[in-house]
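Novice: Take this structure, written in C-alpha cells, and hold onto it; I'll ask about it next.
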Amino acid sequence: MSTPVVRVRFAPSPTGYLHIGGARTALFNWLFARQQGGEFVLRIEDTDAERSRPELIDIIFRSLEWLGLDWDGTPIHQSEREAMHLAAVETLLANGSAYWCSCSSEEVKARAEARGGTPGYDGFCRKRNLGAGDGHVVRFLVPEDGTTSFEDLIRGTVSFENAVLEDFVILRSNGTPMFHLANAVDDADQGITHVIRGEDLINVTPKVLLLREALKTPGELIFAHLPLIVNEKRQKLSKRRDDVSVGDYIDRGYLSEAMVNYLATLGWGPPDNIEIRPLGEIIDLFRLADVGKSGAFFDVKKLQHFNGEYIRKLSVPQFIDRSTRWLNVDTPWEADRFDIETFKVLAPLVQERVKVLSEVPGYVDFVFSPDPVFDEDSWQKVMVKGADLATAVLDHALAGFAECEWTAASLEGALFSYADEHEISKGKVQAPVRVSVTGRSVGPPLFESLEVLGRDETLRRLANAKSRIRG
RNA sequence: GCCCCCAUCGUCUAGCGGCCUAGGACACCACCCUCUCAAGGUGGACGCACGGGUUCAAAUCCCGUUGGGGGUGCCA
C-alpha cells in the first residue's frame, strides 16, 4: 500500500458553466493522471460565497462526465474546509508571517494613487501590531528581498522578485479565507503532486509558494502552466464575451469524443502527426513537457471537421441512437409524424453528410412534414429561372413515376431517361424533382428519398410544385 | 506604469544545431468522381516577426528590438 506518485486536481470555481478553457485544463490533468497511473481529483473552489452559485456545480460535473473525464474519490468543496484554512491563518499570525490590517480597499487605492499610480498595498499596517477588529483583514508578510522561483514543467524556470509582490490578503474582513491560502492548504492536505492549470494563474504561484514555505509545508509541488485558449482576437476565452460553454457544444450536436480529441491538439501535438485517434493512444503519447507555450485559437471549423470524422466512424445504429435527441425535441415536424423506422432507412445517407448532429433534422424533415417547406433561393433558381425545363421534367417524372417500379433504381431510370433523350446533364434534370419534393436543392440522394416518401406522396408533391410554378 | 509569459503557413501543430528545398492537419483554390450536397482522390497557393551574435553549419542556442497575451481585487 503506497500513495500514488501522481495526484492532480481540477479546481473549478462555480461562478459559471464549464467552458472550453476549463475543459482543456481538466483534460490535460486527466491525461497526465491516467498516463501516470495517478489520481485525478476534483475540488470546488467556492470560498467566495458572493459569487459562487451552487446550482452550477452539478452542471460542471455533468459536463466533465459528458467529456468522459472521470475523477477519483469524492469532490471536495473548499467551503467545507474553512476550519483548516482558519487554523492556517492562525499559524501564520502566530509565527509572524502575517498581520492584521485595518486599511480599507479605498484607502489602499487612494494611497497608491498618491504614490504615483502604482497599484498595490504599501505595507501600511505591517508594524502596527493590530488585532482582529471590524473591517480588519489579515495580510501575508511578503519578504522584502529575495526571489521566489519554481521550475515549470512547460516553461522552465520562472522567477519573481519578492519586492514586486505586495502583502496580499489571506483573510477577508468578513472572516473568510482567500483562495491563495485555501489553495496552499488544500493542495497540501490532499497530497497533490502536480498543479496543472492555465497560464493566467502563473503569477499567483509565488504567493502560494511563499505561503507553503511559511506554513512549513513538507514536500514539493510541481507546476505546469498551460498556454491559454484564445478567441479570434487572441484574447483569453471569456464566458461573457465568447460563446464557449461545453453545454452549448453538446446542444449543437458535437460528439464528446471529437471534442476531447480536438481539445487535446490545442497546445499539444502527437509526435507522429496523426491528430484524429483513439483516446487511449493520446493517453500513451501525451507528454506534459511537450505542451507548447503559446496561446491556441479555438477553431470551430476544425472541431467540426473532427466531429464529422467521428460521426462517420459511428456504426449506423450508434448514429441513430446519438441522433435521437435531435429527432424528438424542437423538431420542424409535429412529434407524432416522426417514424423511427423511416429514419432508419435514411440514416446511413444522412450520417455521411452531417458535421454536427443538429443538422440531422434538416436532412429528413421533408419526409416527416406534410408538405415541403420551400427554400426561396432554391425555388427561384430552379423553378423560376428554369421554369421551362422544370415544367417539362416534372411532366416527364409525373408520367414515369406513375407506373415504374417503386425502387430507387427504377425511379432513377424513369427520370434520367429524360436526360438521355434531351442530352441534358443528370444534375439539371434531378433539380426540379428535388426542389419539388424536398423544398431544397441540396439533400440526401434523391431516389432513395423518393423511395421512402412513397409513390402517392411523391406524385402529389410533384403536381403541387408544377401548379405552383404557374401560380 | 510595474511584473510574468509567449513568437514556425490564415488557424492548430511537427521540428529540439546538419536528415528543412521547413512536414502534417483545418480552412482556401483547381481538377477528378458524382443525381444535389457531402465524403473520397489528385494537385496548388500559403509560414520560420526583425536585427545582431555563437558555430564549419541556426527555424532550432544567446542578446536585443518589435509585436502579442496574462496578471496587477477583501474574484478564482
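To be explicit about the labels: the chains of the C-alpha cells are called A, B, and onward in the order shown, and within each one the residues are counted from 1, while ligands get numbers from 1 in the order they are shown.
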What are the closest atom pairs, with distances in Å to one decimal, for each residue of chain A lying within 6 Å of chain B, using only C-alpha atoms (C1' of nucleotides), rows by chain and rising residue number, as a tab-separated table?

Specialist:
```
residue	atom	partner	partner_atom	distance
A:Arg172	CA	B:C74	C1'	4.6
A:Asp200	CA	B:G70	C1'	5.3
A:Gly269	CA	B:U13	C1'	5.9
A:Asn273	CA	B:G24	C1'	5.8
A:Ser294	CA	B:C6	C1'	5.2
A:Lys302	CA	B:C26	C1'	4.8
A:Arg353	CA	B:A38	C1'	4.6
A:Lys426	CA	B:C35	C1'	5.7
A:Gly427	CA	B:C35	C1'	5.4
A:Gln430	CA	B:C35	C1'	5.6
A:Val442	CA	B:U36	C1'	4.9
A:Gly443	CA	B:C37	C1'	5.7
```

Novice: Would you mind exporting the chosen residues as a short mmCIF file (atom, residue, chain, number, x, y, z; two decimals), in the first residue's frame, restricted to N, CA and C atoms?

Specialist:
```
data_model
loop_
_atom_site.label_atom_id
_atom_site.label_comp_id
_atom_site.auth_asym_id
_atom_site.auth_seq_id
_atom_site.Cartn_x
_atom_site.Cartn_y
_atom_site.Cartn_z
N ARG A 172 -10.35 37.65 4.54
CA ARG A 172 -11.20 38.82 4.26
C ARG A 172 -11.75 39.40 5.55
N ASP A 200 -2.96 31.86 -16.89
CA ASP A 200 -3.47 33.06 -16.23
C ASP A 200 -3.24 33.00 -14.72
N GLY A 269 0.78 18.36 -29.72
CA GLY A 269 0.64 17.63 -30.97
C GLY A 269 1.33 16.29 -30.83
N ASN A 273 2.25 13.11 -35.82
CA ASN A 273 1.38 13.97 -36.63
C ASN A 273 -0.01 13.43 -36.91
N SER A 294 2.64 28.85 -26.36
CA SER A 294 1.85 29.99 -26.80
C SER A 294 0.37 29.66 -26.94
N LYS A 302 -12.28 23.57 -37.42
CA LYS A 302 -11.50 22.34 -37.30
C LYS A 302 -12.20 21.34 -36.39
N ARG A 353 -23.18 12.86 -44.31
CA ARG A 353 -23.28 14.24 -44.78
C ARG A 353 -23.22 15.30 -43.70
N LYS A 426 -27.62 15.07 -65.88
CA LYS A 426 -28.49 14.50 -64.85
C LYS A 426 -28.69 15.48 -63.71
N GLY A 427 -27.66 16.24 -63.47
CA GLY A 427 -27.74 17.23 -62.39
C GLY A 427 -28.87 18.21 -62.62
N GLN A 430 -32.39 16.36 -62.23
CA GLN A 430 -32.86 15.98 -60.90
C GLN A 430 -33.28 17.17 -60.05
N VAL A 442 -30.46 20.94 -52.06
CA VAL A 442 -29.46 20.00 -51.53
C VAL A 442 -30.14 19.06 -50.54
N GLY A 443 -29.58 17.87 -50.43
CA GLY A 443 -30.17 16.91 -49.50
C GLY A 443 -29.61 15.54 -49.76
#
```

Novice: As a ChimeraX atom specification, which residues of segment 326-424 of chain A does DSSP assign to helix (DSSP H, G or I)?

Specialist: /A:326-328,335-337,340-351,357-368,376-384,387-403,408-422

Novice: Do you know which residues are at most 7 Å from Ile222 of chain A counting only C-alpha atoms (C1' of nucleotides), after dropping those on the same chain fewer than 2 positions away, and could you put them as a PyMOL selection string?

Specialist: chain A and resi 193-195+220+224

Novice: Please, could you write that set of residues out with all heavy atoms as an mmCIF file, in the first residue's frame?

Specialist:
```
data_model
loop_
_atom_site.group_PDB
_atom_site.id
_atom_site.type_symbol
_atom_site.label_atom_id
_atom_site.label_comp_id
_atom_site.auth_asym_id
_atom_site.auth_seq_id
_atom_site.Cartn_x
_atom_site.Cartn_y
_atom_site.Cartn_z
ATOM 1 N N THR A 193 0.394 16.388 -6.121
ATOM 2 C CA THR A 193 1.810 16.373 -6.504
ATOM 3 C C THR A 193 2.105 17.338 -7.644
ATOM 4 O O THR A 193 3.191 17.895 -7.724
ATOM 5 C CB THR A 193 2.237 14.960 -6.950
ATOM 6 O OG1 THR A 193 1.432 14.556 -8.069
ATOM 7 C CG2 THR A 193 2.070 13.965 -5.816
ATOM 8 N N HIS A 194 1.137 17.497 -8.567
ATOM 9 C CA HIS A 194 1.342 18.359 -9.719
ATOM 10 C C HIS A 194 0.170 19.313 -9.888
ATOM 11 O O HIS A 194 -0.978 18.880 -9.839
ATOM 12 C CB HIS A 194 1.456 17.539 -11.008
ATOM 13 C CG HIS A 194 2.636 16.619 -11.040
ATOM 14 N ND1 HIS A 194 2.733 15.492 -10.256
ATOM 15 C CD2 HIS A 194 3.771 16.665 -11.780
ATOM 16 C CE1 HIS A 194 3.876 14.880 -10.507
ATOM 17 N NE2 HIS A 194 4.534 15.560 -11.420
ATOM 18 N N VAL A 195 0.486 20.566 -10.089
ATOM 19 C CA VAL A 195 -0.561 21.547 -10.346
ATOM 20 C C VAL A 195 -0.503 21.907 -11.826
ATOM 21 O O VAL A 195 0.476 22.483 -12.298
ATOM 22 C CB VAL A 195 -0.367 22.813 -9.487
ATOM 23 C CG1 VAL A 195 -1.349 23.897 -9.912
ATOM 24 C CG2 VAL A 195 -0.560 22.477 -8.015
ATOM 25 N N GLU A 220 7.247 18.910 -2.190
ATOM 26 C CA GLU A 220 7.348 19.901 -3.256
ATOM 27 C C GLU A 220 6.192 19.745 -4.232
ATOM 28 O O GLU A 220 5.772 18.645 -4.546
ATOM 29 C CB GLU A 220 8.673 19.694 -4.004
ATOM 30 C CG GLU A 220 9.048 20.845 -4.873
ATOM 31 C CD GLU A 220 10.166 20.478 -5.840
ATOM 32 O OE1 GLU A 220 10.723 19.366 -5.729
ATOM 33 O OE2 GLU A 220 10.450 21.291 -6.724
ATOM 34 N N ALA A 224 2.836 23.135 -13.804
ATOM 35 C CA ALA A 224 2.845 23.150 -15.269
ATOM 36 C C ALA A 224 1.747 24.122 -15.672
ATOM 37 O O ALA A 224 0.569 23.890 -15.389
ATOM 38 C CB ALA A 224 2.558 21.759 -15.819
#
```

Novice: Set the distance at 6 Å and use only C-alpha atoms (C1' of nucleotides): which residues neighbour Ala408 of chain A once local chain neighbours fewer than 2 positions away are removed? I'd like the list as a list in words.

Specialist: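 Skipping anything fewer than 2 positions along the chain leaves Ser410, Leu411, Phe447, Glu448 and Glu451 of chain A.
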
Novice: From the list A:Asp420, A:Glu412, A:Glu55, A:Glu341, which residue is nearest Leu446 of chain A when using only C-alpha atoms?

Specialist: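 The shortest atom-to-atom distance to Leu446 of chain A comes from A:Glu412.
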
Novice: Would you mind writing down, as a PyMOL selection string, each residue of segment 128-224 of chain A that DSSP on the backbone assigns to strand (DSSP E or B)?

Specialist: chain A and resi 137-140+147-152+156-161+169-171+177+194-198+222-224

Novice: Please identify all polymer residues within 12 Å of Leu93 of chain A, counting only C-alpha atoms (C1' of nucleotides), omitting same-chain residues fewer than 3 positions from it, and present them as a list in words.

Specialist: Leu86, Ala87, Ala88, Val89, Glu90, Gly96, Ser97, Ala98, Tyr99, Trp100, Cys101, Arg126, Asn129, Leu130, Gly131, Ala132, Val137, Val138, Arg139, Phe140, Leu141, Ile170, Leu171, Leu211, Ala214 and Leu215 of chain A
